[in-house]
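Next comes protein13.pdb, a file with PDB, C-alpha atoms.
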ATOM      1  CA  MET A 948     147.483 -14.120  44.500
ATOM      2  CA  THR A 949     144.510 -14.347  46.822
ATOM      3  CA  PRO A 950     141.931 -11.541  47.006
ATOM      4  CA  GLU A 951     141.212 -10.132  50.441
ATOM      5  CA  ILE A 952     138.438  -8.402  52.307
ATOM      6  CA  SER A 953     139.392  -5.309  54.258
ATOM      7  CA  ASN A 954     136.929  -3.360  56.381
ATOM      8  CA  GLY A 955     134.048  -5.304  54.841
ATOM      9  CA  ASP A 956     135.018  -4.397  51.244
ATOM     10  CA  TYR A 957     136.713  -6.383  48.510
ATOM     11  CA  VAL A 958     140.356  -5.613  47.858
ATOM     12  CA  LYS A 959     141.592  -6.561  44.434
ATOM     13  CA  ASN A 960     144.816  -8.453  44.796
ATOM     14  CA  GLY A 961     145.472 -10.038  41.443
ATOM     15  CA  LYS A 962     142.892 -10.754  38.737
ATOM     16  CA  THR A 963     140.012 -12.223  40.735
ATOM     17  CA  LEU A 964     137.771 -11.191  43.600
ATOM     18  CA  ARG A 965     136.595 -13.530  46.312
ATOM     19  CA  GLU A 966     132.948 -13.386  47.304
ATOM     20  CA  ILE A 967     132.244 -13.277  51.003
ATOM     21  CA  GLU A 968     129.733 -15.757  52.344
ATOM     22  CA  HIS A 969     126.657 -14.374  54.091
ATOM     23  CA  MET A 970     127.664 -16.077  57.346
ATOM     24  CA  ASP A 971     131.135 -14.490  57.229
ATOM     25  CA  GLU A 972     129.556 -11.099  56.620
ATOM     26  CA  LEU A 973     127.281 -11.531  59.643
ATOM     27  CA  LEU A 974     130.212 -12.618  61.825
ATOM     28  CA  GLN A 975     132.146  -9.506  60.778
ATOM     29  CA  GLU A 976     129.128  -7.364  61.614
ATOM     30  CA  VAL A 977     128.769  -9.036  65.026
ATOM     31  CA  ALA A 978     132.471  -8.482  65.784
ATOM     32  CA  LEU A 979     132.221  -4.846  64.748
ATOM     33  CA  ASN A 980     129.099  -4.216  66.837
ATOM     34  CA  ILE A 981     130.638  -5.805  69.937
ATOM     35  CA  SER A 982     134.101  -4.269  69.598
ATOM     36  CA  ALA A 983     132.993  -0.703  68.816
ATOM     37  CA  GLU A 984     132.675   1.484  71.883
ATOM     38  CA  ARG A 985     129.050   2.514  72.413
ATOM     39  CA  GLU A 986     128.187   6.231  72.137
ATOM     40  CA  ARG A 987     131.417   6.974  70.203
ATOM     41  CA  PHE A 988     129.925   6.691  66.689
ATOM     42  CA  TYR A 989     128.441  10.113  65.908
ATOM     43  CA  PRO A 990     125.681   9.110  63.441
ATOM     44  CA  ASP A 991     124.274   6.448  65.801
ATOM     45  CA  LYS A 992     124.957   6.790  69.528
ATOM     46  CA  ASN A 993     123.366   3.340  70.129
ATOM     47  CA  PHE A 994     125.923   1.553  67.929
ATOM     48  CA  GLY A 995     128.487  -0.613  69.708
ATOM     49  CA  SER A 996     128.801  -2.039  73.207
ATOM     50  CA  ARG A 997     130.025  -1.072  76.655
ATOM     51  CA  ILE A 998     132.121  -4.185  77.280
ATOM     52  CA  TYR A 999     135.297  -2.110  77.553
ATOM     53  CA  ASN A1000     133.852  -0.320  80.585
ATOM     54  CA  PHE A1001     133.102  -3.650  82.283
ATOM     55  CA  LYS A1002     135.961  -5.987  81.274
ATOM     56  CA  ASP A1003     136.233  -7.263  84.852
ATOM     57  CA  ALA A1004     132.506  -8.007  85.138
ATOM     58  CA  ASP A1005     131.254 -11.587  85.193
ATOM     59  CA  ASN A1006     130.693 -13.396  81.912
ATOM     60  CA  ASP A1007     126.889 -13.226  82.102
ATOM     61  CA  TYR A1008     126.992  -9.439  82.366
ATOM     62  CA  ILE A1009     129.410  -9.163  79.436
ATOM     63  CA  ALA A1010     127.198 -11.502  77.383
ATOM     64  CA  GLY A1011     124.268  -9.206  78.148
ATOM     65  CA  LEU A1012     126.200  -6.158  76.953
ATOM     66  CA  ALA A1013     127.134  -8.005  73.756
ATOM     67  CA  ALA A1014     123.503  -9.083  73.262
ATOM     68  CA  GLN A1015     122.474  -5.443  73.496
ATOM     69  CA  ALA A1016     125.064  -4.550  70.837
ATOM     70  CA  VAL A1017     123.810  -7.160  68.337
ATOM     71  CA  SER A1018     120.081  -6.781  69.049
ATOM     72  CA  CYS A1019     119.695  -4.806  65.820
ATOM     73  CA  ILE A1020     120.894  -7.755  63.676
ATOM     74  CA  ASP A1021     118.061 -10.157  62.804
ATOM     75  CA  GLY A1022     118.618 -13.812  63.656
ATOM     76  CA  VAL A1023     121.742 -13.181  65.770
ATOM     77  CA  TYR A1024     121.913 -14.069  69.468
ATOM     78  CA  ILE A1025     124.733 -14.231  72.010
ATOM     79  CA  LYS A1026     124.792 -17.635  73.709
ATOM     80  CA  SER A1027     127.818 -17.285  75.973
ATOM     81  CA  VAL A1028     131.204 -15.696  76.471
ATOM     82  CA  LYS A1029     134.501 -17.257  77.502
ATOM     83  CA  ARG A1030     137.693 -15.492  78.536
ATOM     84  CA  ILE A1031     140.857 -16.571  76.763
ATOM     85  CA  ASP A1032     143.759 -14.727  78.354
ATOM     86  CA  ARG A1033     142.638 -11.090  78.043
ATOM     87  CA  ASN A1034     140.438 -11.757  75.004
ATOM     88  CA  LEU A1035     136.729 -12.551  74.888
ATOM     89  CA  GLU A1036     135.352 -15.389  72.780
ATOM     90  CA  PHE A1037     131.618 -15.103  72.164
ATOM     91  CA  THR A1038     129.514 -18.070  71.100
ATOM     92  CA  VAL A1039     126.965 -16.627  68.711
ATOM     93  CA  ILE A1040     123.848 -18.259  67.311
ATOM     94  CA  ILE A1041     123.078 -17.129  63.779
ATOM     95  CA  ASN A1042     119.971 -18.658  62.238
ATOM     96  CA  ASN A1043     120.270 -21.691  64.561
ATOM     97  CA  LEU A1044     123.979 -22.259  63.791
ATOM     98  CA  GLU A1045     126.635 -21.746  66.472
ATOM     99  CA  ARG A1046     129.762 -19.793  65.593
ATOM    100  CA  GLN A1047     132.524 -18.117  67.596
ATOM    101  CA  VAL A1048     133.644 -14.490  67.482
ATOM    102  CA  LEU A1049     136.903 -13.494  69.169
ATOM    103  CA  ILE A1050     137.270  -9.945  70.449
ATOM    104  CA  LYS A1051     140.879  -9.131  71.247
ATOM    105  CA  ALA A1052     141.727  -6.894  74.193
TER     106      ALA A1052
END
Is it possible to give me this structure as structure tokens?
Amino acid sequence: MTPEISNGDYVKNGKTLREIEHMDELLQEVALNISAERERFYPDKNFGSRIYNFKDADNDYIAGLAAQAVSCIDGVYIKSVKRIDRNLEFTVIINNLERQVLIKA
């Protein structure tokens, strides 16, 4: 059986636990910050993004909203965004490495 990670925590599924890589952890954090609706998280009204209010905006504007959402994470920058059907795929630079984060509609 393979261990899993659920909501950023380890879930024991068998006898072993899988360690999450630092890069995977950062990608999860980026996805959470972008996908959470800004001003809806009571302890921190600045957490999240407003991309859901502007889904029809141009890609540069959406990238700017995502950049605002991840500005609190050191070494993480939004390079671009691409629409895939109704989903948004963000190209993210983390410590000079490019990765993709998919936000589903």
Tell me which residues the PyMOL selection byres ((chain A and resi 1028) around 6) grabs here, as a PyMOL selection string. chain A and resi 1006+1010+1027+1029+1036-1037
Residue selection dump (C-alpha atoms) as a PDB file, keeping the file's coordinate frame:
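Result file follows (again_9.pdb):
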ATOM      1  CA  ASN A1006     130.693 -13.396  81.912  1.00  0.00           C
ATOM      2  CA  ALA A1010     127.198 -11.502  77.383  1.00  0.00           C
ATOM      3  CA  SER A1027     127.818 -17.285  75.973  1.00  0.00           C
ATOM      4  CA  LYS A1029     134.501 -17.257  77.502  1.00  0.00           C
ATOM      5  CA  GLU A1036     135.352 -15.389  72.780  1.00  0.00           C
ATOM      6  CA  PHE A1037     131.618 -15.103  72.164  1.00  0.00           C
TER       7      PHE A1037
END
Residues within 12 Å of A:Ala1014, all atoms listed in the file, excluding chain neighbours under 2 positions, as a compact mmCIF listing (two decimals) with C-alpha atoms, keeping the file's coordinate frame:
# COMPACT_ATOMS: atom_id res chain seq x y z
CA VAL A 977 128.77 -9.04 65.03
CA ALA A 978 132.47 -8.48 65.78
CA ASN A 980 129.10 -4.22 66.84
CA ILE A 981 130.64 -5.80 69.94
CA GLY A 995 128.49 -0.61 69.71
CA SER A 996 128.80 -2.04 73.21
CA ARG A 997 130.02 -1.07 76.66
CA ILE A 998 132.12 -4.18 77.28
CA ASP A 1007 126.89 -13.23 82.10
CA TYR A 1008 126.99 -9.44 82.37
CA ILE A 1009 129.41 -9.16 79.44
CA ALA A 1010 127.20 -11.50 77.38
CA GLY A 1011 124.27 -9.21 78.15
CA LEU A 1012 126.20 -6.16 76.95
CA ALA A 1016 125.06 -4.55 70.84
CA VAL A 1017 123.81 -7.16 68.34
CA SER A 1018 120.08 -6.78 69.05
CA CYS A 1019 119.70 -4.81 65.82
CA ILE A 1020 120.89 -7.76 63.68
CA ASP A 1021 118.06 -10.16 62.80
CA GLY A 1022 118.62 -13.81 63.66
CA VAL A 1023 121.74 -13.18 65.77
CA TYR A 1024 121.91 -14.07 69.47
CA ILE A 1025 124.73 -14.23 72.01
CA LYS A 1026 124.79 -17.64 73.71
CA SER A 1027 127.82 -17.28 75.97
CA VAL A 1028 131.20 -15.70 76.47
CA PHE A 1037 131.62 -15.10 72.16
CA THR A 1038 129.51 -18.07 71.10
CA VAL A 1039 126.96 -16.63 68.71
CA ILE A 1040 123.85 -18.26 67.31
Exercise: A:Leu1035 partners within 9 Å, all atoms listed in the file, chain neighbours under 6 positions left out, as a PyMOL selection string: chain A and resi 1028-1029+1048-1052
Would you please work out which residue, of A:Gln1047, A:Asn1042, A:Asn1000, A:Arg1033, is nearest to A:Ala983 when using only C-alpha atoms? A:Asn1000
Quick one: pull the distance between atom CA of A:Leu974 and atom CA of A:Ala1013, Å, one decimal.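 Answer for the atom CA of A:Leu974 to atom CA of A:Ala1013 separation: 13.2 Å.
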Hey, could you patch up stretch 1024-1050 of chain A with N, CA and C atoms and hand it over as a tab-separated table (two decimals), in the frame of the given file?
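Okay, this is what ended up in rebuild.tsv:
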chain	number	residue	atom	x	y	z
A	1024	TYR	N	122.06	-14.05	68.01
A	1024	TYR	CA	121.91	-14.07	69.47
A	1024	TYR	C	123.24	-14.46	70.10
A	1025	ILE	N	123.53	-13.88	71.25
A	1025	ILE	CA	124.73	-14.23	72.01
A	1025	ILE	C	124.36	-15.37	72.95
A	1026	LYS	N	125.06	-16.49	72.84
A	1026	LYS	CA	124.79	-17.64	73.71
A	1026	LYS	C	125.64	-17.58	74.98
A	1027	SER	N	126.93	-17.31	74.81
A	1027	SER	CA	127.82	-17.28	75.97
A	1027	SER	C	129.09	-16.54	75.62
A	1028	VAL	N	129.90	-16.32	76.66
A	1028	VAL	CA	131.20	-15.70	76.47
A	1028	VAL	C	132.21	-16.46	77.32
A	1029	LYS	N	133.42	-16.57	76.79
A	1029	LYS	CA	134.50	-17.26	77.50
A	1029	LYS	C	135.73	-16.36	77.41
A	1030	ARG	N	136.46	-16.27	78.52
A	1030	ARG	CA	137.69	-15.49	78.54
A	1030	ARG	C	138.86	-16.39	78.12
A	1031	ILE	N	139.64	-15.89	77.19
A	1031	ILE	CA	140.86	-16.57	76.76
A	1031	ILE	C	141.97	-15.55	76.91
A	1032	ASP	N	142.77	-15.73	77.95
A	1032	ASP	CA	143.76	-14.73	78.35
A	1032	ASP	C	143.01	-13.42	78.61
A	1033	ARG	N	143.34	-12.37	77.88
A	1033	ARG	CA	142.64	-11.09	78.04
A	1033	ARG	C	141.56	-10.89	76.98
A	1034	ASN	N	141.40	-11.86	76.09
A	1034	ASN	CA	140.44	-11.76	75.00
A	1034	ASN	C	139.10	-12.36	75.41
A	1035	LEU	N	138.07	-12.03	74.65
A	1035	LEU	CA	136.73	-12.55	74.89
A	1035	LEU	C	136.27	-13.33	73.66
A	1036	GLU	N	135.89	-14.58	73.87
A	1036	GLU	CA	135.35	-15.39	72.78
A	1036	GLU	C	133.85	-15.56	73.01
A	1037	PHE	N	133.07	-15.03	72.08
A	1037	PHE	CA	131.62	-15.10	72.16
A	1037	PHE	C	131.11	-16.27	71.32
A	1038	THR	N	130.23	-17.06	71.88
A	1038	THR	CA	129.51	-18.07	71.10
A	1038	THR	C	128.23	-17.40	70.64
A	1039	VAL	N	128.06	-17.35	69.33
A	1039	VAL	CA	126.96	-16.63	68.71
A	1039	VAL	C	126.08	-17.62	67.97
A	1040	ILE	N	124.79	-17.45	68.08
A	1040	ILE	CA	123.85	-18.26	67.31
A	1040	ILE	C	123.32	-17.39	66.19
A	1041	ILE	N	123.55	-17.84	64.97
A	1041	ILE	CA	123.08	-17.13	63.78
A	1041	ILE	C	122.20	-18.09	62.99
A	1042	ASN	N	120.92	-17.81	62.95
A	1042	ASN	CA	119.97	-18.66	62.24
A	1042	ASN	C	120.14	-20.12	62.65
A	1043	ASN	N	120.18	-20.36	63.95
A	1043	ASN	CA	120.27	-21.69	64.56
A	1043	ASN	C	121.61	-22.39	64.36
A	1044	LEU	N	122.64	-21.70	63.92
A	1044	LEU	CA	123.98	-22.26	63.79
A	1044	LEU	C	124.91	-21.55	64.77
A	1045	GLU	N	125.70	-22.33	65.51
A	1045	GLU	CA	126.64	-21.75	66.47
A	1045	GLU	C	127.96	-21.43	65.79
A	1046	ARG	N	128.46	-20.23	66.08
A	1046	ARG	CA	129.76	-19.79	65.59
A	1046	ARG	C	130.47	-19.05	66.72
A	1047	GLN	N	131.77	-18.84	66.60
A	1047	GLN	CA	132.52	-18.12	67.60
A	1047	GLN	C	133.06	-16.82	67.00
A	1048	VAL	N	133.07	-15.79	67.84
A	1048	VAL	CA	133.64	-14.49	67.48
A	1048	VAL	C	134.62	-14.12	68.58
A	1049	LEU	N	135.86	-13.84	68.21
A	1049	LEU	CA	136.90	-13.49	69.17
A	1049	LEU	C	137.11	-11.99	69.13
A	1050	ILE	N	137.00	-11.36	70.30
A	1050	ILE	CA	137.27	-9.94	70.45
A	1050	ILE	C	138.57	-9.82	71.23
